Each structure stands twice: as structure tokens, then as C-alpha cells.
file final.tsv (TSV, C-alpha atoms (C1' of nucleotides))
chain	number	residue	atom	x	y	z
M	264	MET	CA	-27.54	-13.03	-12.18
M	265	ASP	CA	-29.70	-16.01	-13.04
M	266	ARG	CA	-31.40	-17.15	-9.92
M	267	SER	CA	-34.34	-18.70	-11.81
M	268	GLY	CA	-36.36	-20.48	-9.20
M	269	ALA	CA	-33.38	-21.41	-7.08
M	270	PRO	CA	-34.12	-21.63	-3.35
M	271	TYR	CA	-33.29	-18.55	-1.35
M	272	THR	CA	-30.77	-19.55	1.28
M	273	PRO	CA	-28.44	-17.54	3.48
M	274	GLN	CA	-25.67	-18.72	1.16
M	275	THR	CA	-27.20	-17.36	-2.01
M	276	ALA	CA	-28.12	-14.22	-0.12
M	277	ALA	CA	-24.51	-13.78	0.96
M	278	ALA	CA	-23.33	-14.32	-2.60
M	279	ASP	CA	-25.77	-11.70	-3.86
M	280	VAL	CA	-24.65	-9.20	-1.28
M	281	GLU	CA	-21.07	-9.90	-2.17
M	282	ALA	CA	-21.75	-9.38	-5.87
M	283	THR	CA	-23.59	-6.18	-5.13
M	284	LEU	CA	-20.84	-4.85	-2.93
M	285	LEU	CA	-18.38	-5.39	-5.76
M	286	ILE	CA	-20.35	-2.82	-7.73
M	287	LEU	CA	-20.08	-0.22	-4.97
M	288	GLU	CA	-16.48	-1.04	-4.28
M	289	GLY	CA	-13.91	1.40	-5.46
M	290	ARG	CA	-12.16	4.33	-3.97
M	291	TRP	CA	-14.44	6.93	-5.59
M	292	LYS	CA	-17.69	5.27	-6.54
M	293	LEU	CA	-19.77	6.14	-3.53
M	294	LEU	CA	-18.43	9.66	-3.64
M	295	ILE	CA	-19.44	9.97	-7.27
M	296	LEU	CA	-22.87	8.58	-6.50
M	297	PHE	CA	-23.35	11.15	-3.76
M	298	HIS	CA	-22.79	13.86	-6.31
M	299	LEU	CA	-25.49	12.37	-8.55
M	300	PHE	CA	-27.70	11.67	-5.57
M	301	ASP	CA	-30.16	14.46	-6.25
M	302	GLY	CA	-30.95	13.11	-9.68
M	303	SER	CA	-29.18	15.88	-11.53
M	304	LEU	CA	-27.03	15.42	-14.59
M	305	ARG	CA	-23.41	16.39	-14.02
M	306	ARG	CA	-20.75	17.05	-16.60
M	307	PHE	CA	-17.43	15.29	-16.48
M	308	SER	CA	-15.64	18.48	-15.57
M	309	ASP	CA	-18.23	19.21	-12.90
M	310	LEU	CA	-17.41	15.96	-11.19
M	311	GLU	CA	-13.73	16.63	-11.58
M	312	ARG	CA	-14.15	19.90	-9.75
M	313	ALA	CA	-16.49	18.42	-7.16
M	314	ILE	CA	-13.96	15.74	-6.26
M	315	PRO	CA	-10.60	17.45	-6.49
M	316	ALA	CA	-8.67	14.50	-5.10
M	317	VAL	CA	-9.60	12.18	-7.92
M	318	SER	CA	-7.46	11.98	-11.02
M	319	GLN	CA	-8.98	12.16	-14.47
M	320	LYS	CA	-7.99	8.59	-15.10
M	321	MET	CA	-9.65	7.27	-11.97
M	322	LEU	CA	-12.76	9.34	-12.49
M	323	ILE	CA	-13.38	8.03	-15.97
M	324	GLN	CA	-12.54	4.50	-14.89
M	325	GLN	CA	-14.97	4.47	-12.00
M	326	LEU	CA	-17.66	6.13	-14.10
M	327	ARG	CA	-17.23	3.50	-16.78
M	328	GLN	CA	-17.55	0.69	-14.27
M	329	LEU	CA	-20.64	2.22	-12.75
M	330	GLU	CA	-22.04	2.57	-16.24
M	331	THR	CA	-21.24	-1.03	-17.12
M	332	ASP	CA	-22.89	-2.16	-13.90
M	333	GLY	CA	-26.01	-0.23	-14.82
M	334	VAL	CA	-25.93	2.26	-11.98
M	335	VAL	CA	-24.94	5.33	-13.95
M	336	ARG	CA	-25.97	6.43	-17.40
M	337	ARG	CA	-23.92	8.47	-19.80
M	338	VAL	CA	-25.53	11.16	-21.90
M	339	VAL	CA	-23.48	12.34	-24.85
M	340	HIS	CA	-24.31	15.63	-26.55
M	341	HIS	CA	-22.80	15.65	-30.00
M	342	GLN	CA	-21.49	19.17	-30.27
M	343	VAL	CA	-18.28	21.15	-30.13
M	344	PRO	CA	-16.91	21.53	-27.63
M	345	PRO	CA	-17.95	18.05	-26.49
M	346	LYS	CA	-20.42	17.74	-23.67
M	347	VAL	CA	-21.04	14.56	-21.73
M	348	GLU	CA	-23.28	14.28	-18.73
M	349	TYR	CA	-23.66	11.58	-16.15
M	350	GLY	CA	-26.70	10.66	-14.13
M	351	LEU	CA	-28.28	7.76	-12.31
M	352	THR	CA	-30.19	5.01	-14.05
M	353	ASP	CA	-33.51	3.84	-12.65
M	354	TRP	CA	-31.72	1.15	-10.74
M	355	GLY	CA	-29.15	3.65	-9.60
M	356	ARG	CA	-31.92	5.84	-8.25
M	357	ALA	CA	-33.06	2.86	-6.21
M	358	LEU	CA	-29.82	3.25	-4.31
M	359	CYS	CA	-30.86	6.63	-2.92
M	360	PRO	CA	-32.39	5.29	0.29
M	361	ALA	CA	-29.12	3.55	1.04
M	362	LEU	CA	-27.09	6.66	0.27
M	363	ASP	CA	-29.45	8.65	2.38
M	364	ALA	CA	-29.01	6.24	5.29
M	365	ILE	CA	-25.27	6.61	5.04
M	366	LEU	CA	-25.69	10.36	5.04
M	367	VAL	CA	-27.74	10.12	8.20
M	368	TRP	CA	-25.10	7.93	9.76
M	369	ALA	CA	-22.35	10.36	8.81
M	370	ALA	CA	-24.28	13.14	10.50
M	371	LYS	CA	-24.35	11.17	13.72
M	372	ARG	CA	-20.59	11.33	14.04
M	373	GLU	CA	-20.47	14.86	15.35
M	374	GLY	CA	-23.84	14.94	16.97
M	375	GLY	CA	-22.91	11.85	18.98
P	151	MET	CA	-14.32	15.76	13.99
P	152	ASP	CA	-14.40	19.20	15.57
P	153	ARG	CA	-17.12	21.17	13.93
P	154	SER	CA	-17.68	23.45	16.92
P	155	GLY	CA	-20.16	25.96	15.73
P	156	ALA	CA	-18.86	26.13	12.20
P	157	PRO	CA	-21.48	26.89	9.58
P	158	TYR	CA	-22.94	23.88	7.82
P	159	THR	CA	-22.25	24.30	4.16
P	160	PRO	CA	-22.37	21.89	1.25
P	161	GLN	CA	-18.58	21.91	1.41
P	162	THR	CA	-18.34	20.82	5.03
P	163	ALA	CA	-21.06	18.29	4.35
P	164	ALA	CA	-19.08	16.89	1.47
P	165	ALA	CA	-16.01	16.69	3.64
P	166	ASP	CA	-17.93	14.83	6.32
P	167	VAL	CA	-19.29	12.36	3.83
P	168	GLU	CA	-15.83	11.86	2.45
P	169	ALA	CA	-14.41	11.22	5.89
P	170	THR	CA	-17.20	8.81	6.67
P	171	LEU	CA	-16.76	6.92	3.42
P	172	LEU	CA	-13.11	6.43	4.27
P	173	ILE	CA	-14.25	4.40	7.26
P	174	LEU	CA	-16.39	2.11	5.13
P	175	GLU	CA	-13.77	1.86	2.44
P	176	GLY	CA	-11.84	-1.34	2.18
P	177	ARG	CA	-12.24	-4.52	0.27
P	178	TRP	CA	-13.84	-6.42	3.15
P	179	LYS	CA	-15.31	-3.95	5.59
P	180	LEU	CA	-18.89	-3.88	4.40
P	181	LEU	CA	-18.85	-7.63	4.10
P	182	ILE	CA	-17.63	-7.94	7.67
P	183	LEU	CA	-20.27	-5.53	8.86
P	184	PHE	CA	-22.96	-7.57	7.16
P	185	HIS	CA	-21.89	-10.53	9.23
P	186	LEU	CA	-22.20	-8.50	12.43
P	187	PHE	CA	-25.39	-6.91	11.19
P	188	ASP	CA	-27.72	-8.90	13.44
P	189	GLY	CA	-25.95	-7.68	16.56
P	190	SER	CA	-24.35	-10.99	17.35
P	191	LEU	CA	-20.82	-11.45	18.58
P	192	ARG	CA	-18.65	-13.41	16.17
P	193	ARG	CA	-15.34	-15.06	16.81
P	194	PHE	CA	-12.35	-14.40	14.62
P	195	SER	CA	-12.48	-17.93	13.22
P	196	ASP	CA	-16.21	-17.56	12.62
P	197	LEU	CA	-15.60	-14.58	10.41
P	198	GLU	CA	-12.79	-16.40	8.68
P	199	ARG	CA	-15.14	-19.20	7.78
P	200	ALA	CA	-17.97	-16.84	6.87
P	201	ILE	CA	-15.78	-14.98	4.39
P	202	PRO	CA	-13.60	-17.66	2.83
P	203	ALA	CA	-12.07	-15.32	0.28
P	204	VAL	CA	-10.44	-13.08	2.86
P	205	SER	CA	-6.97	-13.83	4.12
P	206	GLN	CA	-6.16	-13.82	7.81
P	207	LYS	CA	-4.00	-10.78	7.36
P	208	MET	CA	-6.68	-8.77	5.64
P	209	LEU	CA	-9.35	-9.83	8.06
P	210	ILE	CA	-7.43	-8.71	11.11
P	211	GLN	CA	-6.37	-5.52	9.36
P	212	GLN	CA	-9.88	-4.52	8.42
P	213	LEU	CA	-11.21	-5.43	11.85
P	214	ARG	CA	-8.55	-3.29	13.48
P	215	GLN	CA	-9.40	-0.33	11.33
P	216	LEU	CA	-13.09	-0.70	12.01
P	217	GLU	CA	-12.25	-0.92	15.69
P	218	THR	CA	-10.07	2.18	15.56
P	219	ASP	CA	-12.84	4.03	13.78
P	220	GLY	CA	-15.29	3.06	16.49
P	221	VAL	CA	-17.58	0.92	14.40
P	222	VAL	CA	-16.58	-2.45	15.78
P	223	ARG	CA	-15.72	-3.46	19.31
P	224	ARG	CA	-13.36	-6.22	20.30
P	225	VAL	CA	-14.18	-8.46	23.24
P	226	VAL	CA	-11.25	-10.43	24.60
P	227	HIS	CA	-11.87	-13.43	26.82
P	228	HIS	CA	-8.75	-14.16	28.82
P	229	GLN	CA	-8.58	-17.92	28.66
P	230	VAL	CA	-6.79	-20.74	26.96
P	231	PRO	CA	-7.28	-21.32	24.17
P	232	PRO	CA	-7.75	-17.62	23.43
P	233	LYS	CA	-11.16	-16.39	22.50
P	234	VAL	CA	-11.84	-13.02	20.91
P	235	GLU	CA	-15.20	-11.83	19.71
P	236	TYR	CA	-16.20	-8.96	17.53
P	237	GLY	CA	-19.42	-6.99	17.51
P	238	LEU	CA	-20.83	-3.62	16.61
P	239	THR	CA	-20.48	-0.59	18.81
P	240	ASP	CA	-23.46	1.66	19.43
P	241	TRP	CA	-22.40	3.82	16.57
P	242	GLY	CA	-21.83	0.76	14.45
P	243	ARG	CA	-25.35	-0.36	15.17
P	244	ALA	CA	-26.53	2.98	13.83
P	245	LEU	CA	-25.26	1.80	10.47
P	246	CYS	CA	-27.84	-0.96	10.30
P	247	PRO	CA	-30.46	1.06	8.43
P	248	ALA	CA	-27.87	1.80	5.77
P	249	LEU	CA	-26.80	-1.83	5.53
P	250	ASP	CA	-30.42	-2.82	5.36
P	251	ALA	CA	-31.04	-0.38	2.52
P	252	ILE	CA	-28.15	-1.87	0.59
P	253	LEU	CA	-29.59	-5.31	1.19
P	254	VAL	CA	-32.90	-4.16	-0.24
P	255	TRP	CA	-31.11	-2.71	-3.22
P	256	ALA	CA	-29.19	-5.93	-3.78
P	257	ALA	CA	-32.47	-7.85	-3.78
P	258	LYS	CA	-33.77	-5.62	-6.57
P	259	ARG	CA	-31.13	-6.86	-8.98
P	260	GLU	CA	-32.83	-10.11	-9.80
P	261	GLY	CA	-36.34	-8.94	-9.25
P	262	GLY	CA	-35.79	-6.32	-11.91
B	295	DC	C1'	-7.27	-20.07	18.73
B	296	DA	C1'	-5.86	-15.53	17.65
B	297	DG	C1'	-2.53	-12.88	15.73
B	298	DC	C1'	2.15	-11.01	14.19
B	299	DA	C1'	6.36	-10.87	10.93
B	300	DT	C1'	8.30	-11.24	6.52
B	301	DC	C1'	8.64	-11.74	1.67
B	302	DC	C1'	7.13	-10.58	-2.81
B	303	DG	C1'	4.31	-10.10	-7.17
B	304	DG	C1'	1.02	-7.46	-9.29
B	305	DA	C1'	-2.88	-4.45	-9.26
B	306	DG	C1'	-3.96	0.28	-8.45
B	307	DC	C1'	-3.21	4.80	-9.08
B	308	DG	C1'	-0.99	9.40	-10.03
B	309	DA	C1'	1.51	12.29	-13.31
B	310	DT	C1'	2.19	13.60	-17.70
B	311	DA	C1'	1.58	14.09	-22.49
B	312	DC	C1'	-1.34	13.61	-26.40
B	313	DT	C1'	-6.00	13.39	-29.37
B	314	DG	C1'	-10.69	14.31	-31.45
Z	234	DC	C1'	-14.18	19.56	-23.08
Z	235	DA	C1'	-13.72	14.83	-22.62
Z	236	DG	C1'	-11.23	11.69	-22.88
Z	237	DT	C1'	-6.83	8.01	-24.26
Z	238	DA	C1'	-1.92	6.28	-23.74
Z	239	DT	C1'	2.09	5.34	-21.40
Z	240	DC	C1'	5.35	5.25	-17.49
Z	241	DG	C1'	6.60	4.37	-13.01
Z	242	DC	C1'	6.00	3.62	-8.36
Z	243	DT	C1'	3.40	2.61	-4.25
Z	244	DC	C1'	1.31	-0.45	-1.42
Z	245	DC	C1'	-2.35	-3.95	-1.34
Z	246	DG	C1'	-2.82	-8.26	-0.26
Z	247	DG	C1'	-1.70	-13.46	-0.59
Z	248	DA	C1'	1.38	-17.15	1.17
Z	249	DT	C1'	4.04	-18.91	4.60
Z	250	DG	C1'	5.89	-19.53	9.01
Z	251	DC	C1'	6.14	-18.34	13.95
Z	252	DT	C1'	4.35	-16.90	18.90
Z	253	DG	C1'	1.57	-16.75	23.26

call {"tool": "encode", "arguments": {"input": "final.tsv", "output": "C-alpha cells"}}
result
Amino acid sequence: MDRSGAPYTPQTAAADVEATLLILEGRWKLLILFHLFDGSLRRFSDLERAIPAVSQKMLIQQLRQLETDGVVRRVVHHQVPPKVEYGLTDWGRALCPALDAILVWAAKREGG
Amino acid sequence: MDRSGAPYTPQTAAADVEATLLILEGRWKLLILFHLFDGSLRRFSDLERAIPAVSQKMLIQQLRQLETDGVVRRVVHHQVPPKVEYGLTDWGRALCPALDAILVWAAKREGG
DNA sequence: CAGCATCCGGAGCGATACTG
DNA sequence: CAGTATCGCTCCGGATGCTG
């Protein structure tokens, strides 16, 4: 996103937010991010088990998009059987406060 | 969500998060919430203009769902021509820290 | 102005089978 | 284990027109 020296207006701000939301958008992305929240590396099959409702196809698709968008990194261990782990990038880790805030909000549902 | 005295386990936590994310899920919901972020009341046509890419149908649908889920409140002014305003509920306002955190994150994209 | 009803094309997604 | 490929259907969501 080349904003080189352009003035910061509510319009550009809105466009940025919109672009950013596109990254988070997707039926499973936030859920996936919550499982990587603690900074740990998780295997593909781990995530599959952690989110039973997601299909293999969707899981890999959403992971790929998150990877392309620079939120998630993919660590391939060249061995048999194959082992691939997923974790947050530095920028992805910067999302933690936001995820945490959502967590706090979720907790307020029952508590009132 | 009836969690009356049930033990708080990672599983129930995950379920809660999942349920909460369902509320935020939807192509336009977060965007709508950002426009109500400052606590102001916005008319239907205001939101339409603020989010040009959303169709009338989608806008009303997402607003209804947010209303049903208790995040947004609908204020009807009985007059002609009709006037309906939308704003955050108390619980919706509790989302602000999370929205703010996302805003901060979005700002980090260009800054590096 | 605010919102509902209807039509309809295409994206999204699950299920299944197959590969390295 | 970690994917890819293909099929088939659901339903999302845009366009249009109508109502109070």
C-alpha cells in the first residue's frame, strides 16, 4: 500500500481499514489466528483437530491467504512423514492486542 | 449463553470465542461497526453513503443481525418521511477497544 | 426515506477421491 | 501427514421494482 507522503484523511483512513478488514475476512481466519495467538507453532493436523468444523480444503485455503497477506508464516520440515507448522509473523503478532480485546469482549457476554 | 456454574475449560472458551466470532462475521459488519465506532447515531442513508460498495439489501441484513445479536440498536422516529437511526448498544460499545486495536494494527501496515 | 419481495448468476464450501 | 483435484450444490449477494 503506497501511501508515500499522501495526506491522511478520513477517506484514506477508511480505505486502509477496509483493506485491512479484507485480510481478516473469511469464515475461519480469526478462529485460526486465535489458535496461533500464544505464539506457538501448530501443525496442519493440529489445526484440523482444533477446528473440527472446518474442512481440509477451507483450512488450507484460509491459511494460504493469511500467509500471502503476511500474517501467518509456514514452516516446512523436509522429512517423512511430512511436517508443516504454522505460526504468526511479526506483523501477525502485532494483531495480538486486537485478538485479546475480542477475547475480553467475548467474556463479557456471560458476565453481563 | 447459559454457562451456569460450568467449569471454564479451554474447550468452553473456544466455543465462546467461536460463538462470538459468528456475531462479527459477515462481509460488512466490522465496517458498519467502524462507522458507529464514535458512538454517534447514523441514519440508514448515511451508512449507505459511507459504505458505497454495500447494497441496500446487504446493509439492512447485516444491521438486522447485529441488532438481533445485541450489538447495534435501532432508533425509529415515527414521522414522515421516515427516519431510522442506528447506534451501538452498551455491549456494542464494549467492542470499541477491540475495534481500536484493529485500527492500530491497520496503521502499522504502511509504517512497517 | 427506509425497507421488503423477487429473480438469478456465481462464488463459496463440503464431500470425496487421489498424490507425494 | 499434508496437501491437490474435481464435482455438485447451497446460498450469498447484486439488480430491480414496489410499499408505507

call {"tool": "interface_residues", "arguments": {"input": "final.tsv", "of": "chain B", "to": "chain M", "cutoff": "12 Å", "atoms": "all atoms listed in the file", "output": "JSON list (two decimals) with C-alpha atoms (C1' of nucleotides), in the coordinates of the input"}}
result
[["chain", "number", "residue", "atom", "x", "y", "z"],
["B", 306, "DG", "C1'", -3.96, 0.28, -8.45],
["B", 307, "DC", "C1'", -3.21, 4.80, -9.08],
["B", 308, "DG", "C1'", -0.99, 9.40, -10.03],
["B", 309, "DA", "C1'", 1.51, 12.29, -13.31],
["B", 310, "DT", "C1'", 2.19, 13.60, -17.70],
["B", 314, "DG", "C1'", -10.69, 14.31, -31.45]]

call {"tool": "residues_near_point", "arguments": {"input": "final.tsv", "point": "(-7.3, -11.2, 14.7)", "cutoff": "10 Å", "atoms": "all atoms listed in the file", "output": "list of chain:residue names"}}
result
P:Arg193, P:Phe194, P:Ser195, P:Leu197, P:Glu198, P:Gln206, P:Lys207, P:Met208, P:Leu209, P:Ile210, P:Gln211, P:Gln212, P:Leu213, P:Arg214, P:Arg224, P:Val234, P:Glu235, P:Tyr236, B:DC295, B:DA296, B:DG297, B:DC298

call {"tool": "closest_atom_pairs", "arguments": {"input": "final.tsv", "of": "chain Z", "to": "chain M", "cutoff": "12 Å", "atoms": "all atoms listed in the file", "output": "tab-separated table"}}
result
residue	atom	partner	partner_atom	distance
Z:DC234	C1'	M:Pro345	CA	5.3
Z:DA235	C1'	M:Pro345	CA	6.6
Z:DG236	C1'	M:Ile323	CA	8.1
Z:DT237	C1'	M:Lys320	CA	9.3
Z:DA238	C1'	M:Lys320	CA	10.8

call {"tool": "interface_residues", "arguments": {"input": "final.tsv", "of": "chain M", "to": "chain P", "cutoff": "9 Å", "atoms": "only C-alpha atoms", "output": "ChimeraX atom specification"}}
result
/M:264-267,276-277,279-285,288-290,293-294,297,354,357-373,375

call {"tool": "closest_residue", "arguments": {"input": "final.tsv", "among": "P:Phe187, P:Leu216, P:Val221, P:Ala203", "to": "DG246 in chain Z", "atoms": "only C-alpha atoms (C1' of nucleotides)"}}
result
P:Ala203

call {"tool": "atom_distance", "arguments": {"input": "final.tsv", "atom1": "CA of Gln342 in chain M", "atom2": "CA of Asp309 in chain M"}}
result
17.7 Å

call {"tool": "atom_distance", "arguments": {"input": "final.tsv", "atom1": "C1' of DC251 in chain Z", "atom2": "CA of His228 in chain P"}}
result
21.5 Å

call {"tool": "atom_distance", "arguments": {"input": "final.tsv", "atom1": "CA of Ser190 in chain P", "atom2": "CA of Val225 in chain P"}}
result
12.0 Å

call {"tool": "residues_around", "arguments": {"input": "final.tsv", "residues": "DC302 in chain B", "least_positions_apart": "3", "cutoff": "12 Å", "atoms": "all atoms listed in the file", "output": "list of chain:residue names"}}
result
Z:DC244, Z:DC245, Z:DG246, Z:DG247, Z:DA248, Z:DT249

call {"tool": "write_last_selection", "arguments": {"input": "final.tsv", "atoms": "C-alpha atoms (C1' of nucleotides)", "output": "compact mmCIF listing (two decimals), in the frame of the given file"}}
result
# COMPACT_ATOMS: atom_id res chain seq x y z
C1' DC Z 244 1.31 -0.45 -1.42
C1' DC Z 245 -2.35 -3.95 -1.34
C1' DG Z 246 -2.82 -8.26 -0.26
C1' DG Z 247 -1.70 -13.46 -0.59
C1' DA Z 248 1.38 -17.15 1.17
C1' DT Z 249 4.04 -18.91 4.60

call {"tool": "residues_around", "arguments": {"input": "final.tsv", "residues": "Thr239 in chain P", "least_positions_apart": "6", "cutoff": "9 Å", "atoms": "all atoms listed in the file", "output": "compact mmCIF listing (two decimals) with C-alpha atoms, in the coordinates of the input"}}
result
# COMPACT_ATOMS: atom_id res chain seq x y z
CA GLU P 217 -12.25 -0.92 15.69
CA GLY P 220 -15.29 3.06 16.49
CA VAL P 221 -17.58 0.92 14.40
CA VAL P 222 -16.58 -2.45 15.78
CA ARG P 223 -15.72 -3.46 19.31
